[in-house]
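Text of target13.csv, listed as CSV, C-alpha atoms and all ligand atoms:
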chain,number,residue,atom,x,y,z
A,1,MET,CA,27.5,-136.7,277.8
A,2,GLN,CA,24.7,-134.1,278.1
A,3,MET,CA,25.2,-131.4,280.7
A,4,LYS,CA,22.8,-131.3,283.6
A,5,GLN,CA,20.3,-128.5,283.2
A,6,GLN,CA,20.3,-126.0,286.0
A,7,PHE,CA,17.2,-124.3,287.3
A,8,GLY,CA,16.5,-122.4,290.5
A,9,LEU,CA,14.5,-119.9,292.6
A,10,ILE,CA,15.4,-116.5,294.0
A,11,GLY,CA,13.4,-114.9,296.8
A,12,TYR,CA,13.4,-114.4,300.6
A,13,PRO,CA,12.6,-116.4,302.7
A,14,ILE,CA,12.5,-119.5,300.5
A,15,LYS,CA,13.9,-122.3,302.7
A,16,HIS,CA,10.5,-124.1,302.9
A,17,SER,CA,9.6,-123.7,299.2
A,18,LEU,CA,7.9,-126.6,297.5
A,19,SER,CA,9.3,-125.6,294.1
A,20,PRO,CA,12.4,-127.9,294.2
A,21,TRP,CA,10.1,-130.9,294.8
A,22,ILE,CA,7.7,-129.8,292.0
A,23,HIS,CA,10.4,-129.2,289.4
A,24,ASP,CA,12.4,-132.3,290.4
A,25,GLU,CA,9.3,-134.3,289.8
A,26,PHE,CA,8.6,-132.5,286.4
A,27,MET,CA,12.2,-133.3,285.3
A,28,ARG,CA,11.8,-137.0,286.4
A,29,ARG,CA,8.5,-137.2,284.4
A,30,CYS,CA,10.1,-135.7,281.3
A,31,GLY,CA,13.4,-137.6,281.6
A,32,ILE,CA,15.4,-134.3,281.9
A,33,GLU,CA,18.7,-134.6,283.8
A,34,GLY,CA,18.9,-131.5,285.9
A,35,GLU,CA,18.7,-129.8,289.3
A,36,TYR,CA,16.6,-127.0,290.8
A,37,ARG,CA,18.3,-125.0,293.5
A,38,LEU,CA,17.3,-122.4,296.0
A,39,PHE,CA,19.2,-119.1,295.9
A,40,GLU,CA,18.0,-117.2,298.9
A,41,ILE,CA,18.8,-113.4,298.6
A,42,ASP,CA,18.7,-111.7,301.9
A,43,PRO,CA,17.2,-108.2,301.4
A,44,ILE,CA,20.1,-106.6,303.3
A,45,GLU,CA,22.5,-107.9,300.7
A,46,SER,CA,23.1,-106.1,297.4
A,47,PHE,CA,20.6,-107.4,294.9
A,48,SER,CA,22.7,-106.3,291.9
A,49,GLU,CA,25.7,-108.1,293.2
A,50,GLN,CA,23.7,-111.3,293.8
A,51,ILE,CA,22.2,-111.1,290.3
A,52,LYS,CA,25.7,-110.7,288.8
A,53,GLN,CA,26.7,-113.9,290.5
A,54,LEU,CA,23.6,-115.7,289.4
A,55,LYS,CA,24.2,-114.6,285.8
A,56,GLN,CA,27.6,-116.4,285.9
A,57,ARG,CA,25.9,-119.7,286.8
A,58,ALA,CA,24.3,-119.8,283.4
A,59,LEU,CA,21.0,-121.3,284.6
A,60,ARG,CA,18.6,-122.5,281.9
A,61,GLY,CA,15.8,-120.7,283.9
A,62,PHE,CA,14.8,-119.6,287.3
A,63,ASN,CA,11.7,-118.6,289.3
A,64,VAL,CA,11.4,-115.3,291.2
A,65,THR,CA,9.3,-115.0,294.3
A,66,VAL,CA,8.6,-112.4,297.0
A,67,PRO,CA,10.0,-109.8,297.4
A,68,TYR,CA,11.8,-109.6,294.0
A,69,LYS,CA,9.0,-110.0,291.4
A,70,GLN,CA,9.3,-106.3,290.4
A,71,THR,CA,13.0,-105.8,291.5
A,72,ILE,CA,14.2,-108.3,288.9
A,73,ILE,CA,12.7,-106.4,285.9
A,74,PRO,CA,15.5,-103.9,285.2
A,75,TYR,CA,17.9,-106.9,285.0
A,76,LEU,CA,16.0,-108.6,282.2
A,77,ASP,CA,16.6,-108.2,278.4
A,78,GLU,CA,13.0,-108.8,277.4
A,79,LEU,CA,9.5,-109.2,278.9
A,80,ASP,CA,6.8,-111.3,277.5
A,81,ASN,CA,3.4,-109.5,276.9
A,82,THR,CA,1.7,-110.8,280.1
A,83,ALA,CA,4.6,-110.0,282.4
A,84,GLU,CA,4.7,-106.5,280.9
A,85,LYS,CA,1.0,-106.0,281.5
A,86,ILE,CA,1.1,-107.3,285.1
A,87,GLY,CA,4.4,-105.5,285.9
A,88,ALA,CA,5.8,-108.5,287.7
A,89,VAL,CA,7.9,-111.5,286.8
A,90,ASN,CA,8.0,-114.9,288.5
A,91,THR,CA,9.8,-116.8,285.8
A,92,VAL,CA,13.0,-116.1,283.8
A,93,LEU,CA,14.2,-118.0,280.8
A,94,ASN,CA,17.8,-117.8,279.7
A,95,ARG,CA,17.8,-117.8,275.9
A,96,ASN,CA,21.4,-117.8,274.7
A,97,GLY,CA,22.4,-115.5,277.5
A,98,ARG,CA,19.4,-113.2,277.2
A,99,TRP,CA,17.1,-113.1,280.2
A,100,ILE,CA,13.4,-113.1,279.3
A,101,GLY,CA,10.8,-112.5,282.0
A,102,PHE,CA,7.4,-114.2,282.2
A,103,ASN,CA,4.5,-114.2,284.7
A,104,THR,CA,3.0,-117.6,285.1
A,105,ASP,CA,0.9,-116.9,288.2
A,106,GLY,CA,-2.4,-115.8,286.5
A,107,ILE,CA,-2.2,-118.3,283.7
A,108,GLY,CA,-1.3,-121.0,286.2
A,109,TYR,CA,-4.3,-120.1,288.3
A,110,VAL,CA,-6.7,-120.3,285.4
A,111,ARG,CA,-5.2,-123.6,284.3
A,112,SER,CA,-5.8,-125.0,287.9
A,113,LEU,CA,-9.4,-123.7,287.8
A,114,HIS,CA,-10.0,-125.3,284.4
A,115,ALA,CA,-8.5,-128.6,285.5
A,116,GLN,CA,-11.0,-128.9,288.3
A,117,PHE,CA,-14.0,-127.1,286.7
A,118,PRO,CA,-13.8,-127.4,282.9
A,119,GLN,CA,-17.6,-126.8,282.6
A,120,LEU,CA,-17.1,-123.3,284.0
A,121,PHE,CA,-15.2,-122.4,280.8
A,122,GLU,CA,-18.3,-123.2,278.7
A,123,ASP,CA,-20.0,-120.0,279.8
A,124,LYS,CA,-17.7,-117.0,280.1
A,125,SER,CA,-20.5,-114.7,281.2
A,126,LYS,CA,-20.4,-116.4,284.7
A,127,LYS,CA,-20.1,-113.7,287.4
A,128,VAL,CA,-16.8,-113.7,289.2
A,129,LEU,CA,-15.9,-111.8,292.4
A,130,LEU,CA,-12.2,-111.3,293.0
A,131,LEU,CA,-11.2,-110.4,296.6
A,132,GLY,CA,-8.0,-108.5,296.9
A,133,ALA,CA,-6.0,-106.2,294.6
A,134,GLY,CA,-2.3,-107.2,295.1
A,135,GLY,CA,0.0,-108.7,292.6
A,136,ALA,CA,-1.8,-112.1,292.6
A,137,ALA,CA,-5.2,-110.4,291.9
A,138,ARG,CA,-3.7,-108.5,289.0
A,139,GLY,CA,-2.4,-111.7,287.4
A,140,ILE,CA,-5.6,-113.6,287.9
A,141,TYR,CA,-7.8,-110.7,286.7
A,142,TYR,CA,-5.7,-110.4,283.5
A,143,ALA,CA,-5.6,-114.2,282.8
A,144,LEU,CA,-9.4,-114.6,283.4
A,145,MET,CA,-10.0,-111.7,281.0
A,146,ASP,CA,-7.6,-113.2,278.5
A,147,ASN,CA,-9.7,-116.4,278.7
A,148,GLY,CA,-12.9,-114.5,277.8
A,149,PHE,CA,-14.5,-114.0,281.2
A,150,HIS,CA,-16.0,-110.5,281.1
A,151,ALA,CA,-18.0,-110.1,284.3
A,152,ILE,CA,-15.4,-109.8,287.1
A,153,ASP,CA,-16.1,-107.6,290.1
A,154,MET,CA,-13.4,-106.7,292.5
A,155,ALA,CA,-13.5,-106.0,296.3
A,156,ASN,CA,-10.6,-104.7,298.3
A,157,ARG,CA,-9.8,-103.0,301.6
A,158,THR,CA,-8.3,-100.1,299.7
A,159,MET,CA,-10.7,-99.6,296.8
A,160,GLN,CA,-8.1,-97.4,295.0
A,161,HIS,CA,-5.9,-100.4,294.5
A,162,ALA,CA,-8.7,-102.4,292.8
A,163,MET,CA,-9.4,-99.3,290.6
A,164,SER,CA,-5.8,-99.4,289.3
A,165,ILE,CA,-6.2,-103.0,288.2
A,166,THR,CA,-9.2,-102.1,286.1
A,167,LYS,CA,-6.8,-100.1,283.9
A,168,LEU,CA,-6.0,-103.6,282.4
A,169,LYS,CA,-9.6,-104.1,281.2
A,170,ASN,CA,-10.6,-104.6,277.6
A,171,LYS,CA,-13.8,-103.2,276.0
A,172,GLN,CA,-15.9,-106.3,276.8
A,173,MET,CA,-15.0,-106.4,280.5
A,174,HIS,CA,-17.5,-105.2,283.1
A,175,THR,CA,-16.0,-104.6,286.5
A,176,ALA,CA,-17.7,-103.0,289.6
A,177,ILE,CA,-15.4,-102.1,292.5
A,178,LEU,CA,-16.8,-102.9,295.9
A,179,SER,CA,-15.8,-102.5,299.5
A,180,LEU,CA,-15.2,-105.7,301.4
A,181,GLU,CA,-18.4,-104.9,303.4
A,182,GLU,CA,-20.4,-104.6,300.3
A,183,ALA,CA,-18.9,-107.7,298.8
A,184,GLU,CA,-19.9,-109.7,301.9
A,185,GLN,CA,-23.6,-108.7,301.4
A,186,MET,CA,-23.4,-109.7,297.7
A,187,THR,CA,-21.8,-113.1,297.7
A,188,HIS,CA,-25.0,-114.9,296.6
A,189,HIS,CA,-24.8,-113.0,293.2
A,190,TYR,CA,-21.6,-114.7,292.1
A,191,ASP,CA,-20.8,-118.0,290.3
A,192,VAL,CA,-17.1,-117.9,291.3
A,193,ILE,CA,-15.5,-116.2,294.3
A,194,ILE,CA,-11.7,-115.9,294.4
A,195,GLN,CA,-9.7,-114.9,297.6
A,196,SER,CA,-6.4,-113.6,296.3
A,197,THR,CA,-4.7,-112.1,299.4
A,198,SER,CA,-2.5,-113.6,302.0
A,199,VAL,CA,-5.3,-113.2,304.6
A,200,GLY,CA,-5.9,-116.5,306.4
A,201,MET,CA,-2.4,-117.8,305.9
A,202,LYS,CA,-0.6,-119.6,308.8
A,203,PRO,CA,0.0,-118.5,311.6
A,204,LYS,CA,-3.1,-116.3,311.3
A,205,SER,CA,-5.3,-119.1,310.0
A,206,ASP,CA,-8.3,-118.0,312.0
A,207,GLN,CA,-8.6,-114.8,309.8
A,208,SER,CA,-11.0,-114.6,306.8
A,209,ILE,CA,-11.2,-111.6,304.4
A,210,ILE,CA,-15.0,-111.8,304.5
A,211,THR,CA,-17.6,-114.0,306.0
A,212,PRO,CA,-20.1,-115.0,303.3
A,213,PRO,CA,-23.6,-115.1,304.7
A,214,ARG,CA,-25.0,-117.0,301.7
A,215,LEU,CA,-23.8,-118.3,298.3
A,216,LYS,CA,-25.4,-119.1,295.0
A,217,LYS,CA,-26.2,-122.7,294.4
A,218,GLY,CA,-23.2,-124.4,292.6
A,219,CYS,CA,-20.9,-121.5,293.5
A,220,ILE,CA,-17.1,-122.2,293.2
A,221,VAL,CA,-15.1,-120.7,296.0
A,222,SER,CA,-11.4,-120.5,295.7
A,223,ASP,CA,-8.5,-119.4,298.0
A,224,ILE,CA,-5.0,-118.9,296.8
A,225,VAL,CA,-3.7,-119.4,300.4
A,226,TYR,CA,-2.5,-123.1,300.7
A,227,GLN,CA,-1.2,-123.0,304.3
A,228,PRO,CA,-3.5,-124.3,305.7
A,229,ILE,CA,-5.0,-126.2,302.8
A,230,MET,CA,-8.5,-125.7,304.2
A,231,THR,CA,-8.5,-122.0,305.1
A,232,SER,CA,-11.1,-120.5,307.4
A,233,PHE,CA,-12.7,-118.8,304.3
A,234,LEU,CA,-12.9,-122.1,302.5
A,235,LYS,CA,-14.4,-123.8,305.6
A,236,GLN,CA,-17.2,-121.3,305.7
A,237,ALA,CA,-17.8,-121.7,302.0
A,238,HIS,CA,-17.9,-125.4,302.3
A,239,SER,CA,-20.4,-125.3,305.1
A,240,LEU,CA,-22.6,-123.2,302.7
A,241,GLY,CA,-22.4,-125.9,300.1
A,242,ALA,CA,-19.8,-124.4,297.8
A,243,ASN,CA,-17.5,-126.3,295.4
A,244,ILE,CA,-14.0,-125.7,296.8
A,245,HIS,CA,-10.9,-124.9,294.8
A,246,HIS,CA,-7.6,-125.1,296.8
A,247,GLY,CA,-4.6,-122.8,296.5
A,248,HIS,CA,-1.9,-125.5,296.2
A,249,THR,CA,-3.3,-126.3,292.7
A,250,MET,CA,-2.3,-122.8,291.5
A,251,LEU,CA,1.2,-123.5,292.8
A,252,LEU,CA,1.4,-126.6,290.7
A,253,TYR,CA,0.0,-125.1,287.5
A,254,GLN,CA,2.1,-121.9,287.7
A,255,ALA,CA,5.1,-124.2,288.0
A,256,GLN,CA,3.9,-126.3,285.1
A,257,TYR,CA,3.8,-123.2,282.8
A,258,ALA,CA,7.2,-122.0,284.1
A,259,PHE,CA,8.7,-125.4,283.2
A,260,GLU,CA,7.1,-125.1,279.8
A,261,CYS,CA,8.7,-121.7,279.3
A,262,TRP,CA,12.1,-123.3,280.1
A,263,THR,CA,11.8,-126.6,278.3
A,264,ASP,CA,8.9,-126.4,275.8
A,265,LYS,CA,7.5,-129.5,277.6
A,266,ASN,CA,4.0,-129.7,278.8
A,267,VAL,CA,4.3,-132.0,281.8
A,268,SER,CA,1.3,-133.7,283.4
A,269,ILE,CA,0.3,-132.7,287.0
A,270,ASP,CA,-1.4,-136.1,287.5
A,271,LYS,CA,-1.5,-137.1,291.2
A,272,MET,CA,0.9,-134.3,292.2
A,273,ASP,CA,-1.9,-132.3,293.8
A,274,MET,CA,-2.7,-135.2,296.1
A,275,ILE,CA,0.9,-135.7,297.1
A,276,ILE,CA,1.4,-132.0,297.7
A,277,GLN,CA,-1.8,-131.8,299.7
A,278,ARG,CA,-0.5,-134.6,302.0
A,279,MET,CA,2.9,-132.8,302.3
A,280,LEU,CA,1.2,-129.6,303.3
A,281,GLU,CA,-1.1,-131.3,305.8
A,282,GLY,CA,1.9,-132.9,307.4
A,283,ARG,CA,3.5,-129.5,308.1
B,301,LIG,P1,0.5,-109.8,296.7
B,301,LIG,O1,-0.8,-110.3,296.2
B,301,LIG,O2,1.0,-108.7,295.9
B,301,LIG,O3,1.5,-110.9,296.9
B,301,LIG,P2,-0.2,-109.5,299.5
B,301,LIG,O4,0.4,-108.6,300.5
B,301,LIG,O5,-0.3,-110.9,299.7
B,301,LIG,O6,0.4,-109.1,298.1
B,301,LIG,O7,-1.7,-109.0,299.3
B,301,LIG,C1,-2.1,-107.7,299.0
B,301,LIG,C2,-3.6,-107.7,299.0
B,301,LIG,O8,-4.0,-108.2,300.3
B,301,LIG,C3,-4.1,-106.4,298.9
B,301,LIG,O9,-5.4,-106.5,298.3
B,301,LIG,C4,-4.3,-106.0,300.4
B,301,LIG,O10,-5.3,-105.0,300.6
B,301,LIG,P3,-4.9,-103.4,300.4
B,301,LIG,O11,-4.8,-103.2,298.9
B,301,LIG,O12,-6.0,-102.7,301.1
B,301,LIG,O13,-3.6,-103.3,301.1
B,301,LIG,C5,-4.8,-107.3,300.9
B,301,LIG,N1,-4.7,-107.4,302.3
B,301,LIG,C6,-3.5,-107.6,303.0
B,301,LIG,N2,-3.8,-107.7,304.3
B,301,LIG,C7,-5.1,-107.5,304.5
B,301,LIG,C8,-6.0,-107.5,305.6
B,301,LIG,N3,-5.6,-107.7,306.8
B,301,LIG,N4,-7.3,-107.3,305.4
B,301,LIG,C9,-7.8,-107.1,304.1
B,301,LIG,N5,-7.0,-107.1,303.0
B,301,LIG,C10,-5.7,-107.3,303.2

Could you show the structure in this file as structure tokens?
Amino acid sequence: MQMKQQFGLIGYPIKHSLSPWIHDEFMRRCGIEGEYRLFEIDPIESFSEQIKQLKQRALRGFNVTVPYKQTIIPYLDELDNTAEKIGAVNTVLNRNGRWIGFNTDGIGYVRSLHAQFPQLFEDKSKKVLLLGAGGAARGIYYALMDNGFHAIDMANRTMQHAMSITKLKNKQMHTAILSLEEAEQMTHHYDVIIQSTSVGMKPKSDQSIITPPRLKKGCIVSDIVYQPIMTSFLKQAHSLGANIHHGHTMLLYQAQYAFECWTDKNVSIDKMDMIIQRMLEGR
């Protein structure tokens, strides 16, 4: 009899994580016998000790979320190229006892954008505005660049943080750094606007990083926040006629790529976005 494959998630707090549902569904769709468990690591406990115990569990792979995406790195045997560039890991594969770190956030984000707007990828000179300069922004900037987009401006409250992300840029890339106030006045210049911070997340769902006064016709406006599904920022964009891209789709596609790292299987997301949307709306 084949042993059940073990997967999991480390982070804090993670009690309400949707990852167990997502990965259980992936396993069902692929006919893999396994389980995905939550390993909540309280920041007051010793991380090294917790990781030692996790190592003994011989998981096939696990995800890493806040606040451990950087803390985990010294415990890994290898980093894939993207994770190394981003300097953060959200997925670990156990390959014969060696832990290999990946970062699926940026690639997952780009996959989710492609799934909804494939035509966007036919013209990589489209102008992108990325709002925020945290870990998520770093992953998204790198993945969009890796996909050939080369006109990505960045706006952030602390402009220095955005500046440090541009160290990732290749020779083709043009990036202007703007203040949030400047970005707000420029929104109509962009084909895609991506909100990559946690601003607007429940319970502060009335907040919005900027208030776009106008948008270019056909503009895609995206928010990685998925609680609520329709953020205040997306509501404003919708009222200005934008095409909306919701944050929960990134959650699904980063998980899809993580599952691929562990199992080599490319599982379909079909209908999962609708189901997860309903689950989130019921919360
Ligand atoms: P991460 O993306 O690493 O998970 P985060 O805390 O969700 O981290 O987001 C960090 C980003 O959100 C940063 O761009 C941060 O701006 P600063 O670089 O100026 O700190 C931005 N951010 C967080 N709270 C904000 C707020 N109230 N207004 C504007 N930007 C904010």

Any chance you could tabulate, as a Markdown table, the residues of chain A at most 9 Å from ligand LIG 301 (chain B) with each one's nearest atom pair and distance in Å to one decimal, using all atoms listed in the file, in chain and rising number order?
| residue | atom | partner | partner_atom | distance |
| --- | --- | --- | --- | --- |
| A:Val66 | CA | B:LIG301 | O3 | 7.3 |
| A:Pro67 | CA | B:LIG301 | O3 | 8.6 |
| A:Leu131 | CA | B:LIG301 | O9 | 7.2 |
| A:Gly132 | CA | B:LIG301 | O9 | 3.6 |
| A:Ala133 | CA | B:LIG301 | O9 | 3.8 |
| A:Gly134 | CA | B:LIG301 | O1 | 3.6 |
| A:Gly135 | CA | B:LIG301 | O2 | 3.4 |
| A:Ala136 | CA | B:LIG301 | O1 | 4.1 |
| A:Ala137 | CA | B:LIG301 | O1 | 6.2 |
| A:Arg138 | CA | B:LIG301 | O1 | 8.0 |
| A:Ala155 | CA | B:LIG301 | O9 | 8.4 |
| A:Asn156 | CA | B:LIG301 | O9 | 5.5 |
| A:Arg157 | CA | B:LIG301 | O12 | 3.8 |
| A:Thr158 | CA | B:LIG301 | O12 | 3.7 |
| A:Met159 | CA | B:LIG301 | O12 | 7.1 |
| A:Gln160 | CA | B:LIG301 | O11 | 7.7 |
| A:His161 | CA | B:LIG301 | O11 | 5.3 |
| A:Ala162 | CA | B:LIG301 | O11 | 7.3 |
| A:Leu180 | CA | B:LIG301 | C9 | 8.0 |
| A:Ser196 | CA | B:LIG301 | O1 | 6.5 |
| A:Thr197 | CA | B:LIG301 | O8 | 4.1 |
| A:Ser198 | CA | B:LIG301 | O5 | 4.2 |
| A:Val199 | CA | B:LIG301 | C7 | 5.7 |
| A:Gly200 | CA | B:LIG301 | N3 | 8.8 |
| A:Gln207 | CA | B:LIG301 | N3 | 8.3 |
| A:Ser208 | CA | B:LIG301 | N4 | 8.3 |
| A:Ile209 | CA | B:LIG301 | C9 | 5.6 |
| A:Ile210 | CA | B:LIG301 | C9 | 8.6 |

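With distances restricted to all atoms listed in the file, A:Leu113 is the closest residue to Asp223 (chain A) from A:Leu113, A:Glu281, A:Ile51, A:Ser268.
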
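Straight-line separation from CA of Ile165 (chain A) to CA of Gln236 (chain A): 27.6 Å.
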
Could you tell me how far CA of Leu234 (chain A) lies from CA of Gly282 (chain A), in Å and to one decimal? 19.0 Å

All residues 9 Å or closer to Phe26 (chain A), only C-alpha atoms, same chain fewer than 4 positions away omitted, as an mmCIF file with C-alpha atoms, in the frame of the given file:
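Ended up saving to part.cif:
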data_model
loop_
_atom_site.group_PDB
_atom_site.id
_atom_site.type_symbol
_atom_site.label_atom_id
_atom_site.label_comp_id
_atom_site.auth_asym_id
_atom_site.auth_seq_id
_atom_site.Cartn_x
_atom_site.Cartn_y
_atom_site.Cartn_z
ATOM 1 C CA TRP A 21 10.100 -130.900 294.800
ATOM 2 C CA ILE A 22 7.700 -129.800 292.000
ATOM 3 C CA CYS A 30 10.100 -135.700 281.300
ATOM 4 C CA GLY A 31 13.400 -137.600 281.600
ATOM 5 C CA ILE A 32 15.400 -134.300 281.900
ATOM 6 C CA GLN A 256 3.900 -126.300 285.100
ATOM 7 C CA PHE A 259 8.700 -125.400 283.200
ATOM 8 C CA VAL A 267 4.300 -132.000 281.800
ATOM 9 C CA SER A 268 1.300 -133.700 283.400
ATOM 10 C CA ILE A 269 0.300 -132.700 287.000
#

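The space between CA of Lys271 (chain A) and CA of Val225 (chain A) spans 20.1 Å.
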
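Closest approach to Met279 (chain A) among A:Leu215, A:Lys171, A:Tyr141, A:Pro228: A:Pro228, based on only C-alpha atoms.
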
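Look at Met145 (chain A): the protein and nucleic acid residues within 10 Å of it, using only C-alpha atoms and passing over chain neighbours fewer than 4 places away, are Lys124, Gly139, Ile140, Tyr141, Phe149, His150, Ala151, Ile152, Leu168, Lys169, Asn170, Gln172 and Met173 of chain A.
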
Please, which residues are within 9 Å of (-0.4, -104.0, 282.2) by the file's coordinates, counting all atoms listed in the file, and could they come as a VMD selection string? chain A and resid 81 to 87 138 142 165 167 to 168

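Comparing the minimum interatomic distances between Lys216 (chain A) and each of A:Gln195, A:Ser125, A:Asn243, A:Ser19, counting all atoms listed in the file, we find that A:Asn243 sits nearest.
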
List the neighbours of Ala237 (chain A) out to 9 Å using only C-alpha atoms; skip same-chain residues closer than 2 positions along the sequence, and give me the result as a ChimeraX atom specification. /A:211-212,214-215,220-221,232-235,239-244

What's the 12 Å shell around Leu38 (chain A), counting only C-alpha atoms, without same-chain residues fewer than 4 positions away, as an mmCIF file with C-alpha atoms, keeping the file's coordinate frame?
data_model
loop_
_atom_site.group_PDB
_atom_site.id
_atom_site.type_symbol
_atom_site.label_atom_id
_atom_site.label_comp_id
_atom_site.auth_asym_id
_atom_site.auth_seq_id
_atom_site.Cartn_x
_atom_site.Cartn_y
_atom_site.Cartn_z
ATOM 1 C CA GLN A 6 20.300 -126.000 286.000
ATOM 2 C CA PHE A 7 17.200 -124.300 287.300
ATOM 3 C CA GLY A 8 16.500 -122.400 290.500
ATOM 4 C CA LEU A 9 14.500 -119.900 292.600
ATOM 5 C CA ILE A 10 15.400 -116.500 294.000
ATOM 6 C CA GLY A 11 13.400 -114.900 296.800
ATOM 7 C CA TYR A 12 13.400 -114.400 300.600
ATOM 8 C CA PRO A 13 12.600 -116.400 302.700
ATOM 9 C CA ILE A 14 12.500 -119.500 300.500
ATOM 10 C CA LYS A 15 13.900 -122.300 302.700
ATOM 11 C CA HIS A 16 10.500 -124.100 302.900
ATOM 12 C CA SER A 17 9.600 -123.700 299.200
ATOM 13 C CA LEU A 18 7.900 -126.600 297.500
ATOM 14 C CA SER A 19 9.300 -125.600 294.100
ATOM 15 C CA PRO A 20 12.400 -127.900 294.200
ATOM 16 C CA TRP A 21 10.100 -130.900 294.800
ATOM 17 C CA HIS A 23 10.400 -129.200 289.400
ATOM 18 C CA LEU A 54 23.600 -115.700 289.400
ATOM 19 C CA PHE A 62 14.800 -119.600 287.300
ATOM 20 C CA ASN A 63 11.700 -118.600 289.300
ATOM 21 C CA VAL A 64 11.400 -115.300 291.200
ATOM 22 C CA THR A 65 9.300 -115.000 294.300
#

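For the point (11.7, -114.3, 277.4), the residues with an atom at a distance of at most 7 Å are A:Glu78, A:Leu79, A:Asp80, A:Val92, A:Leu93, A:Trp99, A:Ile100, A:Gly101, A:Phe102, counting only C-alpha atoms.
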
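Among A:Ile224, A:Ile41, A:Ile229, A:Ala88, the residue with the shortest atom-to-atom distance to Met250 (chain A), counting only C-alpha atoms, is A:Ile224.
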
Is there a way to complete region 255-260 of chain A with all heavy atoms and then write that out as a PDB file, in the frame of the given file?
ATOM      1  N   ALA A 255       3.850-123.536 288.184  1.00  0.00           N
ATOM      2  CA  ALA A 255       5.100-124.200 288.000  1.00  0.00           C
ATOM      3  C   ALA A 255       5.152-124.969 286.663  1.00  0.00           C
ATOM      4  O   ALA A 255       6.147-124.975 285.948  1.00  0.00           O
ATOM      5  CB  ALA A 255       5.409-125.161 289.152  1.00  0.00           C
ATOM      6  N   GLN A 256       4.019-125.588 286.342  1.00  0.00           N
ATOM      7  CA  GLN A 256       3.900-126.300 285.100  1.00  0.00           C
ATOM      8  C   GLN A 256       4.177-125.387 283.899  1.00  0.00           C
ATOM      9  O   GLN A 256       4.919-125.711 282.965  1.00  0.00           O
ATOM     10  CB  GLN A 256       2.509-126.936 284.945  1.00  0.00           C
ATOM     11  CG  GLN A 256       2.316-127.751 283.684  1.00  0.00           C
ATOM     12  CD  GLN A 256       0.827-127.922 283.360  1.00  0.00           C
ATOM     13  OE1 GLN A 256       0.055-126.956 283.349  1.00  0.00           O
ATOM     14  NE2 GLN A 256       0.433-129.148 283.095  1.00  0.00           N
ATOM     15  N   TYR A 257       3.584-124.196 283.948  1.00  0.00           N
ATOM     16  CA  TYR A 257       3.800-123.200 282.800  1.00  0.00           C
ATOM     17  C   TYR A 257       5.187-122.684 282.827  1.00  0.00           C
ATOM     18  O   TYR A 257       5.781-122.478 281.759  1.00  0.00           O
ATOM     19  CB  TYR A 257       2.695-122.144 282.935  1.00  0.00           C
ATOM     20  CG  TYR A 257       2.783-121.108 281.848  1.00  0.00           C
ATOM     21  CD1 TYR A 257       3.093-121.468 280.538  1.00  0.00           C
ATOM     22  CD2 TYR A 257       2.563-119.762 282.126  1.00  0.00           C
ATOM     23  CE1 TYR A 257       3.190-120.503 279.541  1.00  0.00           C
ATOM     24  CE2 TYR A 257       2.649-118.795 281.134  1.00  0.00           C
ATOM     25  CZ  TYR A 257       2.967-119.173 279.846  1.00  0.00           C
ATOM     26  OH  TYR A 257       3.069-118.222 278.871  1.00  0.00           O
ATOM     27  N   ALA A 258       5.785-122.489 284.018  1.00  0.00           N
ATOM     28  CA  ALA A 258       7.200-122.000 284.100  1.00  0.00           C
ATOM     29  C   ALA A 258       8.090-123.064 283.431  1.00  0.00           C
ATOM     30  O   ALA A 258       8.960-122.730 282.615  1.00  0.00           O
ATOM     31  CB  ALA A 258       7.590-121.791 285.538  1.00  0.00           C
ATOM     32  N   PHE A 259       7.850-124.327 283.761  1.00  0.00           N
ATOM     33  CA  PHE A 259       8.700-125.400 283.200  1.00  0.00           C
ATOM     34  C   PHE A 259       8.532-125.487 281.697  1.00  0.00           C
ATOM     35  O   PHE A 259       9.493-125.780 280.988  1.00  0.00           O
ATOM     36  CB  PHE A 259       8.186-126.739 283.870  1.00  0.00           C
ATOM     37  CG  PHE A 259       9.126-127.893 283.669  1.00  0.00           C
ATOM     38  CD1 PHE A 259      10.298-127.988 284.394  1.00  0.00           C
ATOM     39  CD2 PHE A 259       8.833-128.894 282.751  1.00  0.00           C
ATOM     40  CE1 PHE A 259      11.165-129.058 284.216  1.00  0.00           C
ATOM     41  CE2 PHE A 259       9.697-129.968 282.560  1.00  0.00           C
ATOM     42  CZ  PHE A 259      10.866-130.058 283.300  1.00  0.00           C
ATOM     43  N   GLU A 260       7.338-125.166 281.236  1.00  0.00           N
ATOM     44  CA  GLU A 260       7.100-125.100 279.800  1.00  0.00           C
ATOM     45  C   GLU A 260       7.867-123.981 279.126  1.00  0.00           C
ATOM     46  O   GLU A 260       8.403-124.154 278.033  1.00  0.00           O
ATOM     47  CB  GLU A 260       5.578-124.849 279.625  1.00  0.00           C
ATOM     48  CG  GLU A 260       4.910-125.469 278.440  1.00  0.00           C
ATOM     49  CD  GLU A 260       3.408-125.272 278.610  1.00  0.00           C
ATOM     50  OE1 GLU A 260       2.843-125.857 279.564  1.00  0.00           O
ATOM     51  OE2 GLU A 260       2.809-124.533 277.820  1.00  0.00           O
TER      52      GLU A 260
END
